[in-house]
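Student: What follows is a single structure, and I will ask about it in a moment.
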Amino acid sequence: MHTNLTSAASSFLAREFKPEVLLARNTGIGPYDYVPTRWVCITFVTLFAISTVAHLVQAMRFRIWWLFPTAIFCGVSELVGWGARLYSSGAPQALIPFEIQISATITGPTPLIAVNFIILEYVIKTLGARYSRLNPRMYMILFVASDAISLTIQGVGGATAAMAAGNQKDPTTGGNIMLIGIIMQMVAITLFVILGTEFLSRYAWNKPLKAPADDLERHQALSYDLGMDTRMKLSLYAMAFSTICLFIRAVYRTIELTDGWNGRIIATQLYFNVLDGGMVTLAIFTLNIFHPGYLIFPLLRHDGSFTKA
């Protein structure tokens, strides 16, 4: 049965692939099946450049070095991807920029999701680990590890699809690999939302899973009566909004890859601009504006306990 399902899925994704269709489709325009709009590409290149530079400055200012392999990596990847699309706006039949943007835009947002995973660890440490089902460190380890695996799978799939396209061969295998990585990413985000929502619900209703185990947790239990700090609330709202944006983008890429390389979705520029570029832009700028350097870190005492401004 498993073999039949796999065969059926592969057949569905292949959609009677023909190399010449990928390279020229029915319009003869090129591999995109449209010409990337120049002003749109310039807009995204500019926005991602601004955000990336801002993240670089913020990371150095607050000495948050894990932002380099996450938010900054995402910004650079998106710059490369949209830069390639900008080149394609003047040379739509060129294959190299098409190959570059496949890999860069499919993998770029994945490290940005890890930022929310790491921030949740700080939130749990600040508000109280006794409301959490898992140890705070375990959230970061499990979700960041799954994110890294997802990134690797998507990167391999993107490279495989790009090389196949460049050699005028069937890119479906690479697309299937990317699809596995994207689905894994969606599962990780879903579990993250479920566990994060449970933690915040228990905190809001003061329903801890266990009694205070040490002086730190007893102090956090007393601090609960003070109410949640405004900066913590802003950070949580920002994390929720960013997660929604990145989840929408993951759903779009899943549907796009499932629809196939010759499908209508991948050949519709508006979908990509809004549901990929737009969602990632909102997420990365949300992190710039609601930065953990001035929202989360000031709430952590040296002992890791909660302090009210």
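Going through the structure tokens in order, the chains are called A, B, and so on, while each chain numbers its residues from 1 and the ligands are numbered from 1 in the order shown.
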If you count only C-alpha atoms, which residues fall within 8 Å of region 77-91 of chain A, apart from same-chain ones fewer than 5 positions away, as a PyMOL selection string?
Tutor: chain A and resi 35-38+41-42+44-45+48-49+97-98+100-105+107-109
Student: Would you export the selected residues with C-alpha atoms as a PDB file, in the first residue's frame, please?
Tutor:
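What follows is the written file result39.pdb:
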```
ATOM      1  CA  VAL A  35       8.632  37.722 -16.587  1.00  0.00           C
ATOM      2  CA  PRO A  36       9.334  38.752 -12.956  1.00  0.00           C
ATOM      3  CA  THR A  37       8.098  42.319 -12.520  1.00  0.00           C
ATOM      4  CA  ARG A  38      11.122  44.581 -12.174  1.00  0.00           C
ATOM      5  CA  CYS A  41      11.925  42.666  -7.410  1.00  0.00           C
ATOM      6  CA  ILE A  42      13.594  46.012  -6.661  1.00  0.00           C
ATOM      7  CA  PHE A  44      11.890  43.235  -2.171  1.00  0.00           C
ATOM      8  CA  VAL A  45      15.644  43.566  -2.678  1.00  0.00           C
ATOM      9  CA  PHE A  48      15.451  42.734   2.613  1.00  0.00           C
ATOM     10  CA  ALA A  49      18.639  44.807   2.408  1.00  0.00           C
ATOM     11  CA  PRO A  97      19.338  33.101 -11.932  1.00  0.00           C
ATOM     12  CA  PHE A  98      16.256  30.853 -12.054  1.00  0.00           C
ATOM     13  CA  ILE A 100      19.658  30.429  -7.773  1.00  0.00           C
ATOM     14  CA  GLN A 101      16.256  31.791  -6.777  1.00  0.00           C
ATOM     15  CA  ILE A 102      14.840  28.256  -6.443  1.00  0.00           C
ATOM     16  CA  SER A 103      17.370  27.325  -3.748  1.00  0.00           C
ATOM     17  CA  ALA A 104      17.615  30.720  -2.040  1.00  0.00           C
ATOM     18  CA  THR A 105      13.908  31.446  -1.631  1.00  0.00           C
ATOM     19  CA  THR A 107      15.591  27.727   2.204  1.00  0.00           C
ATOM     20  CA  GLY A 108      15.879  31.382   3.275  1.00  0.00           C
ATOM     21  CA  PRO A 109      12.864  31.666   5.616  1.00  0.00           C
TER      22      PRO A 109
END
```
Student: Of the candidates A:Met140, A:Val115, A:Val274, A:Ile255, which one gets nearest to Ala238 (chain A) if we count only C-alpha atoms?
Tutor: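 So, comparing all the options, the nearest one is A:Val115.
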Student: Taking the backbone alone, and naming residues the way the document does, which bits of region 8-143 of chain A are alpha helix (DSSP H) by DSSP, as a PyMOL selection string?
Tutor: chain A and resi 8-14+19-24+38-62+73-88+95-107+110-127+136-143
Student: With C-alpha atoms retained, write the just-selected residues as a compact mmCIF listing (two decimals), in the first residue's frame.
Tutor:
```
# COMPACT_ATOMS: atom_id res chain seq x y z
CA ALA A 8 0.66 7.76 -7.00
CA ALA A 9 2.18 10.84 -5.34
CA SER A 10 5.16 10.78 -7.68
CA SER A 11 2.89 10.42 -10.68
CA PHE A 12 0.74 13.33 -9.49
CA LEU A 13 3.73 15.60 -8.95
CA ALA A 14 5.32 14.67 -12.27
CA PRO A 19 12.03 19.31 -20.12
CA GLU A 20 11.12 21.62 -22.96
CA VAL A 21 7.92 22.57 -21.12
CA LEU A 22 9.89 23.56 -18.02
CA LEU A 23 12.28 25.69 -20.03
CA ALA A 24 9.76 27.38 -22.27
CA ARG A 38 11.12 44.58 -12.17
CA TRP A 39 9.73 47.09 -9.67
CA VAL A 40 8.48 44.27 -7.44
CA CYS A 41 11.92 42.67 -7.41
CA ILE A 42 13.59 46.01 -6.66
CA THR A 43 11.15 46.59 -3.80
CA PHE A 44 11.89 43.24 -2.17
CA VAL A 45 15.64 43.57 -2.68
CA THR A 46 15.52 46.98 -1.00
CA LEU A 47 13.34 45.80 1.89
CA PHE A 48 15.45 42.73 2.61
CA ALA A 49 18.64 44.81 2.41
CA ILE A 50 17.27 47.28 4.96
CA SER A 51 16.11 44.52 7.31
CA THR A 52 19.36 42.54 7.03
CA VAL A 53 21.54 45.56 7.79
CA ALA A 54 19.25 46.46 10.71
CA HIS A 55 19.51 42.89 12.07
CA LEU A 56 23.28 43.03 11.75
CA VAL A 57 23.42 46.26 13.77
CA GLN A 58 20.92 44.98 16.35
CA ALA A 59 22.73 41.67 16.78
CA MET A 60 26.03 43.43 17.43
CA ARG A 61 24.49 46.05 19.69
CA PHE A 62 22.74 43.53 21.95
CA PHE A 73 21.10 34.27 7.22
CA CYS A 74 17.47 34.55 6.16
CA GLY A 75 17.95 38.15 5.03
CA VAL A 76 21.05 37.33 2.99
CA SER A 77 19.33 34.32 1.38
CA GLU A 78 16.30 36.40 0.44
CA LEU A 79 18.59 39.09 -0.99
CA VAL A 80 20.30 36.49 -3.17
CA GLY A 81 16.98 34.99 -4.27
CA TRP A 82 15.30 38.28 -5.09
CA GLY A 83 18.49 39.59 -6.66
CA ALA A 84 18.37 36.62 -9.02
CA ARG A 85 14.71 37.34 -9.77
CA LEU A 86 15.63 40.97 -10.47
CA TYR A 87 18.20 39.79 -12.99
CA SER A 88 15.54 37.54 -14.51
CA LEU A 95 18.57 29.54 -16.35
CA ILE A 96 21.28 30.36 -13.78
CA PRO A 97 19.34 33.10 -11.93
CA PHE A 98 16.26 30.85 -12.05
CA GLU A 99 18.26 28.05 -10.42
CA ILE A 100 19.66 30.43 -7.77
CA GLN A 101 16.26 31.79 -6.78
CA ILE A 102 14.84 28.26 -6.44
CA SER A 103 17.37 27.32 -3.75
CA ALA A 104 17.61 30.72 -2.04
CA THR A 105 13.91 31.45 -1.63
CA ILE A 106 12.98 27.91 -0.58
CA THR A 107 15.59 27.73 2.20
CA THR A 110 13.57 28.41 7.48
CA PRO A 111 16.23 29.84 9.86
CA LEU A 112 13.91 32.76 10.63
CA ILE A 113 11.42 30.31 12.14
CA ALA A 114 14.15 29.19 14.55
CA VAL A 115 14.16 32.70 16.04
CA ASN A 116 10.65 32.15 17.43
CA PHE A 117 11.70 28.77 18.81
CA ILE A 118 14.59 30.39 20.69
CA ILE A 119 12.49 33.31 21.92
CA LEU A 120 9.95 30.88 23.38
CA GLU A 121 12.71 29.42 25.54
CA TYR A 122 13.42 32.87 27.00
CA VAL A 123 9.71 33.52 27.49
CA ILE A 124 9.29 30.28 29.44
CA LYS A 125 12.35 30.99 31.57
CA THR A 126 11.00 34.46 32.31
CA LEU A 127 7.38 33.59 33.10
CA PRO A 136 12.62 25.37 28.40
CA ARG A 137 15.89 24.21 26.90
CA MET A 138 14.17 21.24 25.28
CA TYR A 139 11.94 23.54 23.22
CA MET A 140 14.98 25.17 21.70
CA ILE A 141 16.86 21.90 21.18
CA LEU A 142 13.97 19.96 19.62
CA PHE A 143 12.55 22.69 17.41
```
Student: Using CA of Met232 (chain A) and CA of Gly196 (chain A) as the two end points, give the distance in Å to one decimal.
Tutor: 14.2 Å
Student: Near Tyr271 (chain A), within 10 Å and counting only C-alpha atoms, which residues show up once chain neighbours fewer than 5 positions away are dropped, as a PDB file with C-alpha atoms, in the first residue's frame?
Tutor:
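The resulting file, out13.pdb, is shown below:
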```pdb
ATOM      1  CA  TYR A 252       1.689  28.146   0.073  1.00  0.00           C
ATOM      2  CA  ARG A 253       4.975  26.445  -0.809  1.00  0.00           C
ATOM      3  CA  GLU A 256       2.808  25.060  -4.951  1.00  0.00           C
ATOM      4  CA  ILE A 265       0.266  28.053  -8.936  1.00  0.00           C
ATOM      5  CA  ILE A 266       4.003  28.043  -9.588  1.00  0.00           C
ATOM      6  CA  ASP A 276       6.172  34.020  -0.132  1.00  0.00           C
ATOM      7  CA  GLY A 277       7.962  37.350  -0.455  1.00  0.00           C
ATOM      8  CA  GLY A 278       5.270  39.327   1.366  1.00  0.00           C
TER       9      GLY A 278
END
```
Student: For CA of Leu246 (chain A) and CA of Met279 (chain A), determine how far apart the two atoms are, in Å to one decimal place.
Tutor: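 The value is 6.3 Å.
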Student: List the spatial neighbours of Leu191 (chain A) as a list in words - criterion: any atom at most 12 Å away, only C-alpha atoms, same-chain residues fewer than 2 positions off excluded.
Tutor: Phe117, Tyr139, Leu142, Phe143, Ser146, Met184, Gln185, Met186, Val187, Ala188, Ile189, Val193, Ile194, Leu195, Gly196, Thr197, Glu198, Thr243 and Phe247 of chain A
Student: Take the residues from that selection and write them out as a short mmCIF file (atom, residue, chain, number, x, y, z; two decimals), in the first residue's frame, keeping all heavy atoms.
Tutor:
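Output (out-v9.cif):
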```
data_model
loop_
_atom_site.label_atom_id
_atom_site.label_comp_id
_atom_site.auth_asym_id
_atom_site.auth_seq_id
_atom_site.Cartn_x
_atom_site.Cartn_y
_atom_site.Cartn_z
N PHE A 117 11.45 29.90 17.93
CA PHE A 117 11.70 28.77 18.81
C PHE A 117 12.61 29.18 19.97
O PHE A 117 12.39 28.80 21.13
CB PHE A 117 12.36 27.62 18.03
CG PHE A 117 11.53 27.08 16.91
CD1 PHE A 117 12.12 26.39 15.86
CD2 PHE A 117 10.16 27.24 16.89
CE1 PHE A 117 11.36 25.88 14.81
CE2 PHE A 117 9.38 26.74 15.85
CZ PHE A 117 9.98 26.06 14.80
N TYR A 139 12.65 22.90 24.33
CA TYR A 139 11.94 23.54 23.22
C TYR A 139 12.93 23.99 22.16
O TYR A 139 12.74 23.78 20.96
CB TYR A 139 11.14 24.74 23.73
CG TYR A 139 9.86 24.38 24.42
CD1 TYR A 139 9.81 24.25 25.80
CD2 TYR A 139 8.68 24.19 23.70
CE1 TYR A 139 8.62 23.93 26.45
CE2 TYR A 139 7.49 23.86 24.34
CZ TYR A 139 7.48 23.73 25.72
OH TYR A 139 6.31 23.40 26.35
N LEU A 142 14.81 20.76 20.51
CA LEU A 142 13.97 19.96 19.62
C LEU A 142 13.58 20.72 18.37
O LEU A 142 13.71 20.23 17.25
CB LEU A 142 12.72 19.50 20.38
CG LEU A 142 12.92 18.45 21.47
CD1 LEU A 142 11.60 18.19 22.20
CD2 LEU A 142 13.46 17.15 20.86
N PHE A 143 13.08 21.95 18.55
CA PHE A 143 12.55 22.69 17.41
C PHE A 143 13.66 23.23 16.51
O PHE A 143 13.52 23.23 15.28
CB PHE A 143 11.63 23.81 17.88
CG PHE A 143 10.31 23.32 18.39
CD1 PHE A 143 9.95 23.50 19.71
CD2 PHE A 143 9.42 22.67 17.55
CE1 PHE A 143 8.73 23.04 20.19
CE2 PHE A 143 8.20 22.21 18.01
CZ PHE A 143 7.86 22.39 19.33
N SER A 146 14.94 20.29 14.51
CA SER A 146 14.03 19.94 13.41
C SER A 146 14.11 21.00 12.31
O SER A 146 14.01 20.67 11.12
CB SER A 146 12.59 19.83 13.93
OG SER A 146 12.08 21.10 14.32
N MET A 184 7.78 18.96 6.82
CA MET A 184 8.41 18.81 8.13
C MET A 184 8.41 20.14 8.87
O MET A 184 8.17 20.20 10.08
CB MET A 184 9.85 18.30 7.96
CG MET A 184 10.58 18.07 9.26
SD MET A 184 12.23 17.39 8.99
CE MET A 184 12.80 17.30 10.71
N GLN A 185 8.65 21.21 8.14
CA GLN A 185 8.63 22.55 8.72
C GLN A 185 7.24 22.90 9.24
O GLN A 185 7.09 23.45 10.34
CB GLN A 185 9.08 23.56 7.66
CG GLN A 185 9.20 24.98 8.14
CD GLN A 185 9.60 25.89 7.00
OE1 GLN A 185 8.78 26.57 6.40
NE2 GLN A 185 10.88 25.89 6.67
N MET A 186 6.21 22.56 8.47
CA MET A 186 4.84 22.84 8.89
C MET A 186 4.48 22.06 10.14
O MET A 186 3.81 22.58 11.04
CB MET A 186 3.87 22.48 7.76
CG MET A 186 3.89 23.44 6.59
SD MET A 186 2.73 22.94 5.28
CE MET A 186 1.19 22.93 6.21
N VAL A 187 4.91 20.81 10.22
CA VAL A 187 4.64 19.99 11.41
C VAL A 187 5.31 20.60 12.63
O VAL A 187 4.72 20.69 13.72
CB VAL A 187 5.13 18.54 11.18
CG1 VAL A 187 5.06 17.74 12.49
CG2 VAL A 187 4.31 17.86 10.11
N ALA A 188 6.57 21.05 12.47
CA ALA A 188 7.30 21.66 13.59
C ALA A 188 6.61 22.93 14.06
O ALA A 188 6.46 23.17 15.27
CB ALA A 188 8.73 21.96 13.16
N ILE A 189 6.17 23.78 13.11
CA ILE A 189 5.47 25.01 13.49
C ILE A 189 4.17 24.69 14.21
O ILE A 189 3.82 25.33 15.20
CB ILE A 189 5.19 25.87 12.24
CG1 ILE A 189 6.50 26.36 11.62
CG2 ILE A 189 4.33 27.08 12.61
CD1 ILE A 189 6.30 27.14 10.32
N VAL A 193 3.24 25.81 17.97
CA VAL A 193 2.05 26.60 18.31
C VAL A 193 1.24 25.90 19.40
O VAL A 193 0.76 26.54 20.35
CB VAL A 193 1.18 26.83 17.06
CG1 VAL A 193 -0.17 27.43 17.44
CG2 VAL A 193 1.91 27.74 16.07
N ILE A 194 1.07 24.59 19.29
CA ILE A 194 0.29 23.85 20.28
C ILE A 194 0.92 23.93 21.66
O ILE A 194 0.25 24.26 22.65
CB ILE A 194 0.14 22.37 19.85
CG1 ILE A 194 -0.75 22.27 18.61
CG2 ILE A 194 -0.46 21.54 20.99
CD1 ILE A 194 -0.81 20.88 18.00
N LEU A 195 2.21 23.65 21.74
CA LEU A 195 2.90 23.67 23.03
C LEU A 195 3.01 25.08 23.58
O LEU A 195 2.86 25.31 24.79
CB LEU A 195 4.28 23.04 22.89
CG LEU A 195 4.29 21.54 22.60
CD1 LEU A 195 5.71 21.05 22.31
CD2 LEU A 195 3.70 20.75 23.78
N GLY A 196 3.28 26.05 22.71
CA GLY A 196 3.36 27.44 23.16
C GLY A 196 2.02 27.94 23.67
O GLY A 196 1.95 28.65 24.68
N THR A 197 0.94 27.57 22.96
CA THR A 197 -0.40 27.99 23.39
C THR A 197 -0.77 27.36 24.72
O THR A 197 -1.37 28.02 25.59
CB THR A 197 -1.45 27.59 22.32
OG1 THR A 197 -1.13 28.23 21.09
CG2 THR A 197 -2.85 27.99 22.76
N GLU A 198 -0.40 26.10 24.90
CA GLU A 198 -0.68 25.44 26.19
C GLU A 198 0.05 26.16 27.32
O GLU A 198 -0.53 26.41 28.39
CB GLU A 198 -0.25 23.98 26.15
CG GLU A 198 -0.57 23.26 27.46
CD GLU A 198 0.15 21.93 27.62
OE1 GLU A 198 1.18 21.72 26.95
OE2 GLU A 198 -0.30 21.11 28.44
N THR A 243 4.90 33.98 13.42
CA THR A 243 4.65 32.56 13.22
C THR A 243 3.53 32.34 12.20
O THR A 243 3.61 31.46 11.34
CB THR A 243 4.28 31.87 14.55
OG1 THR A 243 5.37 32.03 15.47
CG2 THR A 243 4.02 30.39 14.34
N PHE A 247 3.90 30.45 8.68
CA PHE A 247 3.07 29.27 8.47
C PHE A 247 2.30 29.41 7.15
O PHE A 247 2.17 28.44 6.39
CB PHE A 247 2.11 29.06 9.63
CG PHE A 247 1.33 27.78 9.55
CD1 PHE A 247 1.93 26.57 9.89
CD2 PHE A 247 0.01 27.76 9.13
CE1 PHE A 247 1.23 25.37 9.81
CE2 PHE A 247 -0.70 26.58 9.05
CZ PHE A 247 -0.09 25.38 9.39
#
```
